[in-house]
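Colleague: Got a structure here, written out as structure tokens. Questions coming.
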Amino acid sequence: MTEKFDVVIIGAGPGGMTAATYASRANLSVVMLDRGIYGGQMNNTAEVENYPGYSSIMGADLSEKMYASSTQFGAEYQFGTVQHIEANEDKTWHVVTDMNDYQANSVIVATGSEYKKLGVPGELDFAGRGVSYCAVCDGAFFKGQEVVVVGGGDSAIEEATYLAGIVNHVTVVHRQDTLKAQQILQKRAFAADNIDFIWNTEVQTINGDEKKVESVTLKNNQTGEITEHATAGVFIYIGLLPVTESVADLAITDQEGWIETNDQMETRLPGIFAIGDVRKKHLRQITTAVGDAAIAGQNAYAYNESLK
Ligand code: FAD
């Protein structure tokens with residue numbers, strides 16, 4: 001049986017939950033659909049120190065608090081993986097999950113992004129215990145210590161420079177002998193006296209005890225030489241991937257797969273909004289996801305009103 005809602009939100013991360021708060025508070029019927037537990041990437045975050053109102057809060061606790069807010073005006077959370085979305089003839093949207101079918105006047109896509117993984121032994125074991133994909137989030141935990149940054153593009157070099165202002169020393173490990181990052185970013189990184197570079201080198205394993213990272217094993221891809229490099233942290237910046245399988249048929253993404261919107265969070269399709277990490281933008285954080293979500297929630301209300 002098809003369930004009908006004014007707004008279907010795909011993804012119950014901070015973006016999806018905040019959009020649910022705004023849309024349901026405006027008296028719309030709202031369902032958030034998620035293929036996992038609500039909270040999104042906040043569930044993978046030990047401590048959040050840059051969300052307004054909290055000097056420090058565990059990611060899982062912030063998820064619980066946002067979930068309580070998002071459901072207080074009647075929005076529902078339902079489990080399911082959205083497989084595709086189709087346009088109905090009456091201007092509504094048909095949303096299909098592996099569990100159920102939904103009809104909605106508007107859809108807010110809040111499916112987030114995934115960090116590209118190195119795929120080496122130790123990477124998953126030490127996630128959140130020394131392996132990180134977010135310097136803005138986790139850099140402060142390594143104050144006074146040595147960290148490794150893996151990558152040579154804009155993000156890697158920008159974040160290496162950011163980390164150099166916090167930690168004792170940064171070693172950039174790059175598999176080529178030149179950086180891909182913009183010249184201005186390279187210039188800043190080369191000028192920092194606590195950033196070193198190891199060229200033509202790939203991380204083979206990430207090592208440590210049961211609690212934390214202690215070293216990386218490196219292989220020079222020109223000479224084959226294997227070395228061990230002591231470090232407390234490994235920041236991996238080899239790229240982000242948008243999570244957009246559910247909207248693949250809609251042609252609302254750019255060539256790299258990020259969803260394109262205007263500043264009202266509207267995609268090129270009437271009634272389809274996109275927010276948070278999955279959107280084409282520069283800074284992917286909890287605060288920016290919830291900012292997008294407030295705008296989309298309010299505009300979903302305006303869109304629903306326009307259909308009356
Ligand atoms: P997400 O949080 O990624 O949520 C997307 C949701 O969509 C997920 O729950 C997913 O299951 C669901 N979904 C995807 N596809 C489907 C589908 N087809 N069907 C159903 N559901 C689907 N930011 C900060 O501001 N401060 C920090 O300290 C911080 N630390 C971080 C630490 C780590 C380790 C990581 C990985 C990220 C961190 N971030 C931090 C970034 C922050 O978590 C993200 O920017 C934020 O979660 C993005 O929110 P979102 O709602 O757009 O997407």
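For the structure tokens, the naming scheme is as follows: chains receive sequential letters (A, B, ...) according to their order of presentation, residues are indexed from 1 within each chain, and ligands are indexed from 1 in presentation order.
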Taking only stretch 25-180 of chain A into account, list the residues labelled strand (DSSP E or B) by DSSP (computed from the backbone), as a VMD selection string.

Modeller: chain A and resid 30 to 34 47 to 48 57 to 58 76 to 79 82 to 87 93 to 97 101 to 109 113 to 115 127 131 to 132 146 to 150 169 to 173

Colleague: Suppose we keep C-alpha atoms; can you now write the selection as a PDB file, in the first residue's frame?

Modeller:
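Saved as selection_0.pdb:
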ATOM      1  CA  VAL A  30       6.475  14.242   7.131  1.00  0.00           C
ATOM      2  CA  VAL A  31       8.329  10.943   7.016  1.00  0.00           C
ATOM      3  CA  MET A  32      12.115  10.492   7.227  1.00  0.00           C
ATOM      4  CA  LEU A  33      13.356   7.332   5.515  1.00  0.00           C
ATOM      5  CA  ASP A  34      16.753   5.911   6.408  1.00  0.00           C
ATOM      6  CA  GLU A  47      32.995  13.848  20.040  1.00  0.00           C
ATOM      7  CA  VAL A  48      31.573  16.973  18.409  1.00  0.00           C
ATOM      8  CA  ILE A  57      28.931  16.341  22.918  1.00  0.00           C
ATOM      9  CA  MET A  58      29.208  12.739  21.782  1.00  0.00           C
ATOM     10  CA  GLU A  76       7.815   9.920  11.520  1.00  0.00           C
ATOM     11  CA  TYR A  77      11.011   7.925  11.032  1.00  0.00           C
ATOM     12  CA  GLN A  78      10.745   4.735   8.973  1.00  0.00           C
ATOM     13  CA  PHE A  79      13.420   2.218   8.087  1.00  0.00           C
ATOM     14  CA  VAL A  82      15.187   4.332  -1.082  1.00  0.00           C
ATOM     15  CA  GLN A  83      15.724   2.709  -4.455  1.00  0.00           C
ATOM     16  CA  HIS A  84      14.281   5.264  -6.830  1.00  0.00           C
ATOM     17  CA  ILE A  85      11.913   8.208  -7.262  1.00  0.00           C
ATOM     18  CA  GLU A  86       9.452   8.688 -10.129  1.00  0.00           C
ATOM     19  CA  ALA A  87       7.240  11.590 -11.151  1.00  0.00           C
ATOM     20  CA  TRP A  93       6.424  12.061  -6.472  1.00  0.00           C
ATOM     21  CA  HIS A  94       6.480   8.306  -6.018  1.00  0.00           C
ATOM     22  CA  VAL A  95       9.253   7.128  -3.686  1.00  0.00           C
ATOM     23  CA  VAL A  96      10.107   3.428  -3.661  1.00  0.00           C
ATOM     24  CA  THR A  97      12.044   1.703  -0.886  1.00  0.00           C
ATOM     25  CA  ASP A 101       5.969   2.814  -1.410  1.00  0.00           C
ATOM     26  CA  TYR A 102       5.303   6.484  -0.677  1.00  0.00           C
ATOM     27  CA  GLN A 103       3.574   9.368  -2.432  1.00  0.00           C
ATOM     28  CA  ALA A 104       4.741  12.912  -1.633  1.00  0.00           C
ATOM     29  CA  ASN A 105       4.141  16.454  -2.821  1.00  0.00           C
ATOM     30  CA  SER A 106       7.785  17.230  -2.150  1.00  0.00           C
ATOM     31  CA  VAL A 107      10.943  15.226  -1.516  1.00  0.00           C
ATOM     32  CA  ILE A 108      14.018  16.409   0.398  1.00  0.00           C
ATOM     33  CA  VAL A 109      17.152  14.451  -0.499  1.00  0.00           C
ATOM     34  CA  SER A 113      28.469  11.604   1.420  1.00  0.00           C
ATOM     35  CA  GLU A 114      31.001   8.869   2.049  1.00  0.00           C
ATOM     36  CA  TYR A 115      34.741   9.250   2.402  1.00  0.00           C
ATOM     37  CA  ALA A 127      38.365   4.512  12.606  1.00  0.00           C
ATOM     38  CA  VAL A 131      42.092   7.235  11.708  1.00  0.00           C
ATOM     39  CA  SER A 132      40.055  10.255  10.652  1.00  0.00           C
ATOM     40  CA  GLU A 146      52.563  13.851  15.195  1.00  0.00           C
ATOM     41  CA  VAL A 147      50.015  13.085  12.451  1.00  0.00           C
ATOM     42  CA  VAL A 148      50.102  11.791   8.882  1.00  0.00           C
ATOM     43  CA  VAL A 149      47.920  13.201   6.094  1.00  0.00           C
ATOM     44  CA  VAL A 150      47.367  10.921   3.098  1.00  0.00           C
ATOM     45  CA  HIS A 169      54.085  17.984  13.209  1.00  0.00           C
ATOM     46  CA  VAL A 170      52.371  16.861   9.983  1.00  0.00           C
ATOM     47  CA  THR A 171      53.793  14.426   7.432  1.00  0.00           C
ATOM     48  CA  VAL A 172      52.010  14.385   4.068  1.00  0.00           C
ATOM     49  CA  VAL A 173      52.264  10.997   2.371  1.00  0.00           C
TER      50      VAL A 173
END

Colleague: Could you give me the residues within 7 Å of ligand 1, counting only C-alpha atoms and all ligand atoms, as a ChimeraX atom specification?

Modeller: /A:10-16,33-42,44-45,47-51,80-83,110-113,128,132-134,136-138,243-246,275-278,284-287,289

Colleague: May I have the residues within 12 Å of A:Asp263 as a list in words, using only C-alpha atoms and disregarding those fewer than 3 positions away in the same chain?

Modeller: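 Non-adjacent residues within range: Glu260, Glu266, Thr267, Phe273, Ala274, Ile275, Arg279, Lys280, Lys281, Gly291, Asp292, Ala293, Ala294, Ile295, Ala296 and Asn299 of chain A.
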
Colleague: Could those selected residues go to a file with C-alpha atoms, as a compact mmCIF listing (two decimals), in the first residue's frame?

Modeller:
# COMPACT_ATOMS: atom_id res chain seq x y z
CA GLU A 260 23.07 20.87 -7.80
CA GLU A 266 15.73 23.67 -4.97
CA THR A 267 16.95 21.23 -7.60
CA PHE A 273 15.06 19.71 -2.70
CA ALA A 274 18.56 18.61 -1.68
CA ILE A 275 20.47 19.47 1.49
CA ARG A 279 24.69 18.95 -2.18
CA LYS A 280 27.36 20.61 -4.30
CA LYS A 281 29.06 22.99 -1.83
CA GLY A 291 21.40 25.37 7.82
CA ASP A 292 20.48 23.90 4.43
CA ALA A 293 17.72 21.91 6.12
CA ALA A 294 16.02 24.91 7.70
CA ILE A 295 15.80 26.56 4.27
CA ALA A 296 14.52 23.40 2.57
CA ASN A 299 10.53 26.02 1.22

Colleague: Calculated over only C-alpha atoms, which of the candidates A:Phe5, A:Phe190, A:Trp199, A:Phe126 has the smallest distance to A:Thr178?

Modeller: A:Trp199

Colleague: So, counting only C-alpha atoms, which residue among A:Val120, A:Leu283, A:Ile238, A:Ile259 is closest to A:Val216?

Modeller: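 Looking only at the distances to A:Val216, the closest residue turns out to be A:Val120.
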
Colleague: For each of A:Val213, A:Ala248, A:Met265, A:Ala164, take the minimum atom-to-atom distance to A:Ile195, counting only C-alpha atoms, then give the residue where this is smallest.

Modeller: A:Ala164

Colleague: If you run DSSP on the backbone, which residues of stretch 48-208 of chain A are helix (DSSP H, G or I), as number ranges by chain?

Modeller: A: 59-71, 135-142, 154-164, 183-191

Colleague: Which residue gives the smallest distance to A:Thr18 among A:Gln72, A:Asn220, A:Thr231, A:Ser56, with only C-alpha atoms counted?

Modeller: A:Gln72

Colleague: Between A:Met17, A:Leu163, A:Gly271, A:Tyr22, which one has atoms that come closest to A:Ser63, using only C-alpha atoms?

Modeller: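 Answer, going by the shortest atom-to-atom distance: A:Met17.
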
Colleague: Interatomic distance between atom CA of A:Val203 and atom CA of A:His174?

Modeller: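 Between atom CA of A:Val203 and atom CA of A:His174 the gap is 9.0 Å.
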